[in-house]
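File shown: data15.cif (mmCIF, C-alpha atoms).
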```cif
data_model
#
loop_
_atom_site.label_atom_id
_atom_site.label_comp_id
_atom_site.auth_asym_id
_atom_site.auth_seq_id
_atom_site.Cartn_x
_atom_site.Cartn_y
_atom_site.Cartn_z
CA MET A 11 -54.81 -33.01 -76.58
CA GLU A 12 -51.44 -33.66 -78.21
CA GLU A 13 -49.52 -30.81 -76.60
CA LEU A 14 -51.45 -30.18 -73.37
CA ASP A 15 -53.33 -33.42 -72.65
CA TYR A 16 -56.37 -31.18 -72.26
CA ALA A 17 -59.68 -30.92 -74.13
CA PRO A 18 -61.55 -27.66 -73.50
CA LYS A 19 -65.31 -27.73 -73.03
CA LYS A 20 -65.66 -24.83 -75.48
CA ILE A 21 -63.42 -24.45 -78.51
CA ASP A 22 -64.07 -22.61 -81.75
CA PHE A 23 -62.24 -22.67 -85.06
CA TRP A 24 -60.91 -19.20 -85.84
CA CYS A 25 -58.82 -19.40 -89.01
CA ASN A 26 -56.25 -21.16 -91.15
CA ASP A 27 -53.00 -19.25 -91.35
CA TYR A 28 -49.61 -19.80 -92.90
CA TYR A 29 -46.25 -18.13 -93.12
CA ILE A 30 -42.78 -18.76 -94.50
CA ILE A 31 -39.96 -18.88 -91.95
CA SER A 32 -37.59 -16.06 -92.88
CA GLN A 33 -35.17 -16.40 -89.99
CA GLU A 34 -31.84 -18.09 -90.71
CA GLY A 35 -31.49 -21.63 -89.47
CA LYS A 36 -32.55 -25.19 -90.05
CA TYR A 37 -36.14 -24.30 -90.98
CA LYS A 38 -35.49 -21.19 -93.15
CA ASP A 39 -37.95 -21.03 -96.08
CA TRP A 40 -40.23 -23.69 -94.63
CA LYS A 41 -43.95 -22.99 -95.00
CA ILE A 42 -45.83 -23.30 -91.71
CA ASN A 43 -49.56 -24.08 -91.98
CA GLN A 44 -51.64 -23.77 -88.86
CA ALA A 45 -55.29 -24.24 -88.00
CA VAL A 46 -56.07 -21.82 -85.16
CA PHE A 47 -58.71 -22.44 -82.51
CA VAL A 48 -59.75 -20.22 -79.59
CA SER A 49 -60.97 -21.26 -76.18
CA PRO A 50 -61.47 -19.56 -72.81
CA ILE A 51 -58.66 -19.90 -70.28
CA THR A 52 -59.96 -22.02 -67.40
CA PRO A 53 -58.48 -23.30 -64.13
CA GLU A 54 -58.36 -26.79 -65.70
CA LEU A 55 -56.19 -25.47 -68.55
CA GLU A 56 -53.76 -23.94 -66.09
CA LYS A 57 -53.32 -27.42 -64.54
CA ALA A 58 -52.66 -29.13 -67.91
CA GLN A 59 -49.52 -31.21 -68.33
CA ILE A 60 -47.26 -29.76 -71.00
CA HIS A 61 -45.92 -32.31 -73.51
CA GLU A 62 -44.28 -29.89 -75.96
CA GLY A 63 -42.73 -26.45 -75.70
CA GLU A 64 -41.86 -24.39 -72.66
CA GLY A 65 -45.26 -24.43 -70.97
CA ILE A 66 -48.13 -21.99 -70.66
CA VAL A 67 -47.17 -18.35 -70.20
CA LYS A 68 -49.72 -15.61 -69.50
CA MET A 69 -48.97 -12.18 -70.92
CA ALA A 70 -50.78 -9.20 -72.38
CA ILE A 71 -51.34 -9.35 -76.14
CA ASP A 72 -49.08 -6.34 -76.77
CA GLU A 73 -46.32 -7.93 -74.71
CA ALA A 74 -46.65 -11.11 -76.78
CA ILE A 75 -46.52 -9.13 -80.04
CA GLU A 76 -43.38 -7.29 -78.92
CA SER A 77 -41.72 -10.45 -77.57
CA ASN A 78 -38.66 -11.86 -79.27
CA GLY A 79 -39.88 -15.38 -78.49
CA PHE A 80 -42.10 -15.71 -81.57
CA LEU A 81 -41.21 -16.16 -85.22
CA VAL A 82 -42.32 -13.32 -87.50
CA GLY A 83 -45.30 -15.38 -88.75
CA GLY A 84 -46.43 -16.03 -85.19
CA THR A 85 -46.18 -12.33 -84.38
CA ASN A 86 -48.28 -11.50 -87.43
CA LEU A 87 -50.91 -14.02 -86.28
CA LEU A 88 -50.99 -12.34 -82.85
CA LYS A 89 -51.59 -8.98 -84.57
CA LYS A 90 -54.51 -10.50 -86.52
CA PHE A 91 -55.86 -11.98 -83.29
CA LYS A 92 -55.66 -8.61 -81.53
CA LYS A 93 -57.45 -6.87 -84.39
CA GLU A 94 -60.22 -9.49 -84.44
CA PHE A 95 -60.83 -10.00 -80.74
CA TYR A 96 -59.60 -6.88 -78.96
CA ASN A 97 -61.21 -4.37 -81.30
CA ARG A 98 -64.66 -5.83 -80.53
CA GLN A 99 -64.62 -4.31 -77.06
#
```
Using structure tokens, write down the structure that the file contains.
Amino acid sequence: MEELDYAPKKIDFWCNDYYIISQEGKYKDWKINQAVFVSPITPELEKAQIHEGEGIVKMAIDEAIESNGFLVGGTNLLKKFKKEFYNRQ
């Protein structure tokens, strides 16, 4: 609700994750704690109003992992996500 002004009909807790920011800059050495939830992508989500960040971007999981737009900890979380959800198929 905070970032998208959207509440999905189905949402499941997936994991707690954390990482230390290793990149130089204002937040170097900060510990990021995140509770991660998963939900299906719906037409309503695609219409959500973005209150934080750049907006919603669709891309393949491998493209997201290889992207330079994520901090190292975020990339590692995407790798965990791929292993958990894509290896089920």
Legend entry - Residue with smallest distance to Leu87 (chain A) - pool A:Lys57, A:Ala45, A:Lys36, A:Glu12, counting all atoms listed in the file: A:Ala45
Inset, instruction - Using the chain letters and numbers from the file, give me the residues hit by the PyMOL selection byres ((chain A and resi 18) around 12), as a PyMOL selection string. - result: chain A and resi 11+14-17+19-22+47-56+58
Print the selection's residues with C-alpha atoms to a file, as a PDB file, keeping the file's coordinate frame.
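The result, stored in again_34.pdb:
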```pdb
ATOM      1  CA  MET A  11     -54.810 -33.010 -76.580  1.00  0.00           C
ATOM      2  CA  LEU A  14     -51.450 -30.180 -73.370  1.00  0.00           C
ATOM      3  CA  ASP A  15     -53.330 -33.420 -72.650  1.00  0.00           C
ATOM      4  CA  TYR A  16     -56.370 -31.180 -72.260  1.00  0.00           C
ATOM      5  CA  ALA A  17     -59.680 -30.920 -74.130  1.00  0.00           C
ATOM      6  CA  LYS A  19     -65.310 -27.730 -73.030  1.00  0.00           C
ATOM      7  CA  LYS A  20     -65.660 -24.830 -75.480  1.00  0.00           C
ATOM      8  CA  ILE A  21     -63.420 -24.450 -78.510  1.00  0.00           C
ATOM      9  CA  ASP A  22     -64.070 -22.610 -81.750  1.00  0.00           C
ATOM     10  CA  PHE A  47     -58.710 -22.440 -82.510  1.00  0.00           C
ATOM     11  CA  VAL A  48     -59.750 -20.220 -79.590  1.00  0.00           C
ATOM     12  CA  SER A  49     -60.970 -21.260 -76.180  1.00  0.00           C
ATOM     13  CA  PRO A  50     -61.470 -19.560 -72.810  1.00  0.00           C
ATOM     14  CA  ILE A  51     -58.660 -19.900 -70.280  1.00  0.00           C
ATOM     15  CA  THR A  52     -59.960 -22.020 -67.400  1.00  0.00           C
ATOM     16  CA  PRO A  53     -58.480 -23.300 -64.130  1.00  0.00           C
ATOM     17  CA  GLU A  54     -58.360 -26.790 -65.700  1.00  0.00           C
ATOM     18  CA  LEU A  55     -56.190 -25.470 -68.550  1.00  0.00           C
ATOM     19  CA  GLU A  56     -53.760 -23.940 -66.090  1.00  0.00           C
ATOM     20  CA  ALA A  58     -52.660 -29.130 -67.910  1.00  0.00           C
TER      21      ALA A  58
END
```
Inset, instruction - Using only C-alpha atoms, determine which residues lie at most 12 Å from Phe91 (chain A), disregarding the query and same-chain residues fewer than 2 positions distant; provide the list as a PyMOL selection string. - result: chain A and resi 24-25+27+46-48+71-72+74-75+84-89+93-98
Legend entry - Residues matched by the PyMOL selection byres ((chain A and resi 63) around 12), written as a ChimeraX atom specification: /A:12-14,59-62,64-67,79
Keeping only C-alpha atoms, take the residues you just selected and write them out as a short mmCIF file (atom, residue, chain, number, x, y, z; two decimals), in the coordinates of the input.
```cif
data_model
loop_
_atom_site.label_atom_id
_atom_site.label_comp_id
_atom_site.auth_asym_id
_atom_site.auth_seq_id
_atom_site.Cartn_x
_atom_site.Cartn_y
_atom_site.Cartn_z
CA GLU A 12 -51.44 -33.66 -78.21
CA GLU A 13 -49.52 -30.81 -76.60
CA LEU A 14 -51.45 -30.18 -73.37
CA GLN A 59 -49.52 -31.21 -68.33
CA ILE A 60 -47.26 -29.76 -71.00
CA HIS A 61 -45.92 -32.31 -73.51
CA GLU A 62 -44.28 -29.89 -75.96
CA GLU A 64 -41.86 -24.39 -72.66
CA GLY A 65 -45.26 -24.43 -70.97
CA ILE A 66 -48.13 -21.99 -70.66
CA VAL A 67 -47.17 -18.35 -70.20
CA GLY A 79 -39.88 -15.38 -78.49
#
```
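CA of Gly83 (chain A) is positioned 7.1 Å from CA of Ile31 (chain A).
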Inset, instruction - Find the residues around Trp40 (chain A) up to 6 Å (all atoms listed in the file counted), leave out those fewer than 2 positions away in its own chain, and share them as a ChimeraX atom specification. - result: /A:30-31,37-38
Inset, instruction - Grab the CA of Tyr29 (chain A) to CA of Glu73 (chain A) distance for me, in Å with one decimal place. - result: 21.0 Å
